[in-house]
Every structure is written in C-alpha cells, then in structure tokens.
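A quick write-up on the structure given underneath.
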Amino acid sequence: MSVIRFDGVSHRYGERRVLEGIQLELTEHRIGIVGANGSGKSTLARMINGLVEPTAGTVTVDELDVRRQGKEVRRRVGFIFTDPDNQIVMPTVGEDVAFTLRRSGLTKEQIAARVEETLARFGLAGHAEHPAHLLSGGQKQLLALAAVMVAEPSVLVADEPTTLLDARNSRMVAGLLSNLGQQVVVVTHDLALLTEFDRVIVIEDGLVAADDTPAAAIAFYRALLG
Amino acid sequence: MIGLYLPGRSLVHRMSAGAKLASLAVALILLVLLDHPWQMGVAALVAAGLYVLARVPWRAALGQLRPLLWILIIVAGLQLLFADWQKAVMVTGVMLISAALAGLLTLTTPVPAILDLCQRMLRPLQRFGVNPDRVGLAMALTIRCIPLMAGIVKDVTEARKARGVTGWRGSIIALAAPAVVRALRAADALGEALIARGADD
Ligand SMILES: Nc1ncnc2c1ncn2[C@@H]1O[C@H](COP(=O)(O)OP(=O)(O)OP(=O)(O)O)[C@@H](O)[C@H]1O
Ligand SMILES: [Mg+2]
C-alpha cells in the first residue's frame, strides 16, 4: 500500500476556511471518508492527486509532494468523480479506455489487449465499440473506473462514486471498489458501502472529528447527525 | 453528423484514413468539374454504390443528409427561380454528393484514426509552435461535447416543461440560462477529469 500523508494541511477558498490543520497518515487498504454536505470531504480527496493544492501544509503520496510532483503523483493516484459523464473523453467505450494508455509506449495490439481485459474485469466485455454516451449511468461509472484502472494506479480515490446510481448499480460499483487489490480512498454518503473497510474518517467542519474502525466511526457519525 | 462511426469489415472500412481523405479530396475536385446533369447522376450512383459497398444501413445514410435537407430545398428553389433546372441539379448535386462522401468517411473511420491522421498532417507545423497532440485532444473533446451538450439541453428542456414554462421569450431564456450554466460547469469538471487522467503530461 502507498503512504498518503497530510501534514498540517489547511485549505481556504478566499476568506472561507474549508480544512484546518489536517494531520493524517493513510496506509490502510480501504479507507472511507464521511461527513455532512460542505464539510470539506471533496476538498480533502482532491488534494490526494493535487487537483486542489493545500494553502498551508503538505500532502505527499509515497514521499512525492502533490504540489511539486503533481504529474508523478497523478500517475500513481487514479481518481473517479461522481458524474462519470464528465470524465469520458472519447466517443466509444474501448477508445475511452485506450485514451488512458495513449502515452504508455505500448503497441496498438498491446493496448487493445489491455483494454479488452480491463473491460471484461469491469463488466463491460463486448461493449468496446459501443458509443460511450449511450451507456446507462451505472455502466458509465464502470467505464470511468475501467479507464482509470487500466493504467494500474497504486491508489484509487473516488468522490461519491455511487451517488448518481440506483441501488443495484451502486452495489455493483461498491463491490468492484471493495475488491480492488489497490489502496482505495472513498468519499461517500452511503454508509453501507464502508462496513467492510479498514478505516473510516469523519470530517466535520474542516476538521477530523473521528478516525476509527467503520463500526465506531459510523456510530459516531450517526450520533453527530442526530 | 460527427462521431457516428459504424464498425464494419467492408473494403471501405479497411481503407486507411489517409487514403480515404485523399480520395475524398480528389472526388470533391472532380465533382465541381462536372458540367452535365447526367454526369451528376453518375456521380450520385457511384456515391450510393460506395454506401452499399460499405454496408451502411439506409437509415444511417439518410441521417447524414437530413441536416442538409432545408438548405438543399432553398438552394434548388433559388436556382429554379433565377437559372434553370440543369443548374439546380448541378448545384444541389455537388452539395449532396460531397456531404454524402464526407459522411461516408466519418461513418467508416473510427475517431481515433481520424485524429491520428490529423496529428500526422499537423506535424510539419510543430516548428511553428503547433502541438499536434493538443490539437488532436481538442478535436476529440469537440466531438465529445456534442452528446454532452445534447444531454444538457434535453435535461433542461424537461425541467422547464416540468415547471410549466411556456411561450417563446420565457422559453428561450429559461432554456439558455441553465443550459449555459450547466455547460460551463461540465467544461470545468471535464477539465479537472482530464488533469486527473494525465492529459497534461
Ligand atoms: N471552488 C470553490 N470555491 C469556493 N468555495 C468552494 C469551492 N469548492 C468548495 N467550496 C466550499 O468549500 C466547502 C467544502 O466543500 P467540499 O466540496 O469539500 O465539501 P464536501 O464535504 O465534499 O460536500 P458534499 O458532501 O456536498 O460534496 C463548501 O462550503 C463549499 O461551498
Ligand atoms: Mg463533495
């Protein structure tokens, strides 16, 4: 597993303080992040691959500073967003997954083989030539996941990956996420997704309010919500 | 019209993107050099024959030409009014057949192949500061934005109906404002996703 370290991290949007003095070392396999709307979860998650830079403190992934070595970090850290429509770039399913590998130095045949294999792994076998925008919401999220995982990142960060999905698709995506060999950091409001996780962090108002086993952290969070 | 690639194994599909583009250029030049309606008829038959050869379903073929319909009717009408039927056939024929042939190229060539070709053709411009990779990516994104925008407009139209917005003026503003906001937000999110996917390397 990688070592993701937040050292005295704060973030402000203008005057507004969104995260304050975050101190965390994430080394577990599966880590969940929960918290109320606007508590700062997405900001925290985006910092892991440098999409948001801390206004104070440092974030490192395996000793790489996300601010100074953003590209190297992003090669290690895959990221999936809530709305898969926003991360599909190419017209067809297969082309979109291949897009990730276009600078990999692999030959066309090797890329095709990897794409095929990855699509099968994420339940999209036989969809390579399908127009990506015609997939169902659940399939689009699977495509987003396949397109990120084909590059074999060592960490996957997902910001509310199941929020737009129905119960069945949401379970399927959750199942795939839980079974990845890679380290995963998942921001979610779907507490059931986290029961098998190794560690759950509760963010409240820009601070770490709890950091514990899923059972303990979720109980704390439920009490917090009242 | 763009991004409607129909996979297949026909001769037309297997031709390289470069060969197809070169043939298209030659065909367009020949087309404007024609000067008899019967020649235009032959050209139309050849174009239709290529569609048959590529095994394009007739629905998809007509779909390529539908956006042109009104323009063709207007142009033909003007020609009939101010010139003669021969002229009308020649002018609309050139438009119709060139659109059909260009459409055949997009129907039978995967977008990445077209992008690769454009990138290769742009390579000589590299020394003037053109980055072919960037241009290719921009083209891919432009193509990608068509279904994305269509989806946004559809959502907004439905939301507007659900709220009972009617009438022309109310309708245009109620459509444009949220659609623009959503489009800008989508563009932002897409940019972020591109960075996350390593497109800035
Ligand atoms: N680009 C931005 N500019 C200004 N303020 C922002 C920006 N992004 C987020 N914020 C603010 O920062 C705070 C934390 O946002 P963040 O997106 O991290 O919350 P979150 O915990 O992910 O919430 P949610 O559960 O709703 O996704 C919010 O109050 C939000 O309004
Ligand atoms: Mg969020």
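Every chain in the structure tokens has a letter given in the order shown (A, B, ...), and although residue numbers restart at 1 in each chain, ligands are simply numbered from 1 in the order shown.
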
(message) What are the residues of chain B lining chain A at 6 Å or less? Count only C-alpha atoms, and put the answer as a PyMOL selection string.
(response) chain B and resi 189-190+193

Keeping N, CA, C and O atoms, export the residues of the selection given above as a CSV table (one decimal), in the first residue's frame.
chain,number,residue,atom,x,y,z
B,189,ALA,N,-15.6,20.5,-15.0
B,189,ALA,CA,-15.4,19.2,-14.5
B,189,ALA,C,-14.6,18.3,-15.5
B,189,ALA,O,-13.8,17.5,-15.1
B,190,LEU,N,-14.9,18.5,-16.8
B,190,LEU,CA,-14.2,17.8,-17.8
B,190,LEU,C,-12.7,18.1,-17.8
B,190,LEU,O,-11.8,17.3,-17.9
B,193,ALA,N,-11.2,16.4,-14.8
B,193,ALA,CA,-11.0,15.0,-15.1
B,193,ALA,C,-9.9,14.7,-16.0
B,193,ALA,O,-9.1,13.7,-15.9

(request) Could I get the residue neighbourhood of ligand 1 at 7 Å, counting only C-alpha atoms and all ligand atoms, as a ChimeraX atom specification? (result) /A:13,18,35-44

Save the residues we just selected, C-alpha atoms, as a tab-separated table (two decimals), in the first residue's frame?
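Generated output (part-v4.tsv):
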chain	number	residue	atom	x	y	z
A	13	TYR	CA	-11.30	29.36	-0.76
A	18	VAL	CA	-12.60	24.70	4.40
A	35	GLY	CA	-19.17	13.92	6.64
A	36	ALA	CA	-22.05	16.36	6.13
A	37	ASN	CA	-22.50	18.38	2.92
A	38	GLY	CA	-19.92	21.13	2.73
A	39	SER	CA	-17.73	19.64	5.48
A	40	GLY	CA	-14.66	19.51	3.19
A	41	LYS	CA	-14.55	15.87	2.02
A	42	SER	CA	-14.18	16.59	-1.68
A	43	THR	CA	-11.52	19.19	-1.00
A	44	LEU	CA	-9.60	16.63	1.07

(message) Taking only C-alpha atoms into account, name the residue in B:His36, B:Arg160, B:Lys20, B:Arg197 that is nearest to Trp85 (chain B).
(response)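 Comparing B:His36, B:Arg160, B:Lys20, B:Arg197 against Trp85 (chain B), the winner is B:His36.
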
(request) Find the distance between CA of Arg14 (chain B) and CA of Thr108 (chain B) and write it in Å to one decimal. (result)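 Atom-to-atom, CA of Arg14 (chain B) to CA of Thr108 (chain B), that is 8.5 Å.
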
(request) Enumerate the residues of chain A with a DSSP assignment of strand (DSSP E), computed from the backbone, and present them as a VMD selection string. (result) chain A and resid 4 to 13 16 to 26 30 to 35 56 to 61 64 to 65 77 to 80 155 to 159 183 to 187 199 to 204 207 to 212

(message) Show me, as a VMD selection string, the residues that have an atom within 9 Å of Phe220 (chain A) when counting only C-alpha atoms, minus same-chain residues fewer than 5 positions from it.
(response) chain A and resid 202 209 to 210 215 225

Take the residues just selected and output them with N, CA, C and O atoms as a CSV table (one decimal), in the first residue's frame.
chain,number,residue,atom,x,y,z
A,202,VAL,N,-14.3,10.6,9.8
A,202,VAL,CA,-15.4,11.5,9.8
A,202,VAL,C,-14.9,13.0,9.7
A,202,VAL,O,-14.1,13.4,10.6
A,209,ALA,N,-13.1,14.7,12.8
A,209,ALA,CA,-13.9,14.6,14.0
A,209,ALA,C,-13.8,13.2,14.6
A,209,ALA,O,-14.0,13.0,15.8
A,210,ALA,N,-13.6,12.2,13.8
A,210,ALA,CA,-13.4,10.8,14.2
A,210,ALA,C,-12.5,10.1,13.2
A,210,ALA,O,-12.5,10.4,12.0
A,215,ALA,N,-17.3,0.5,12.2
A,215,ALA,CA,-18.4,0.4,13.2
A,215,ALA,C,-18.3,1.6,14.1
A,215,ALA,O,-19.4,2.3,14.3
A,225,LEU,N,-25.1,13.4,13.4
A,225,LEU,CA,-26.2,13.8,12.6
A,225,LEU,C,-27.4,14.0,13.4
A,225,LEU,O,-28.4,14.6,13.0

(message) Rounded to one decimal, what separation in Å do you get between CA of Val187 (chain A) and CA of Arg67 (chain A)?
(response) 21.5 Å
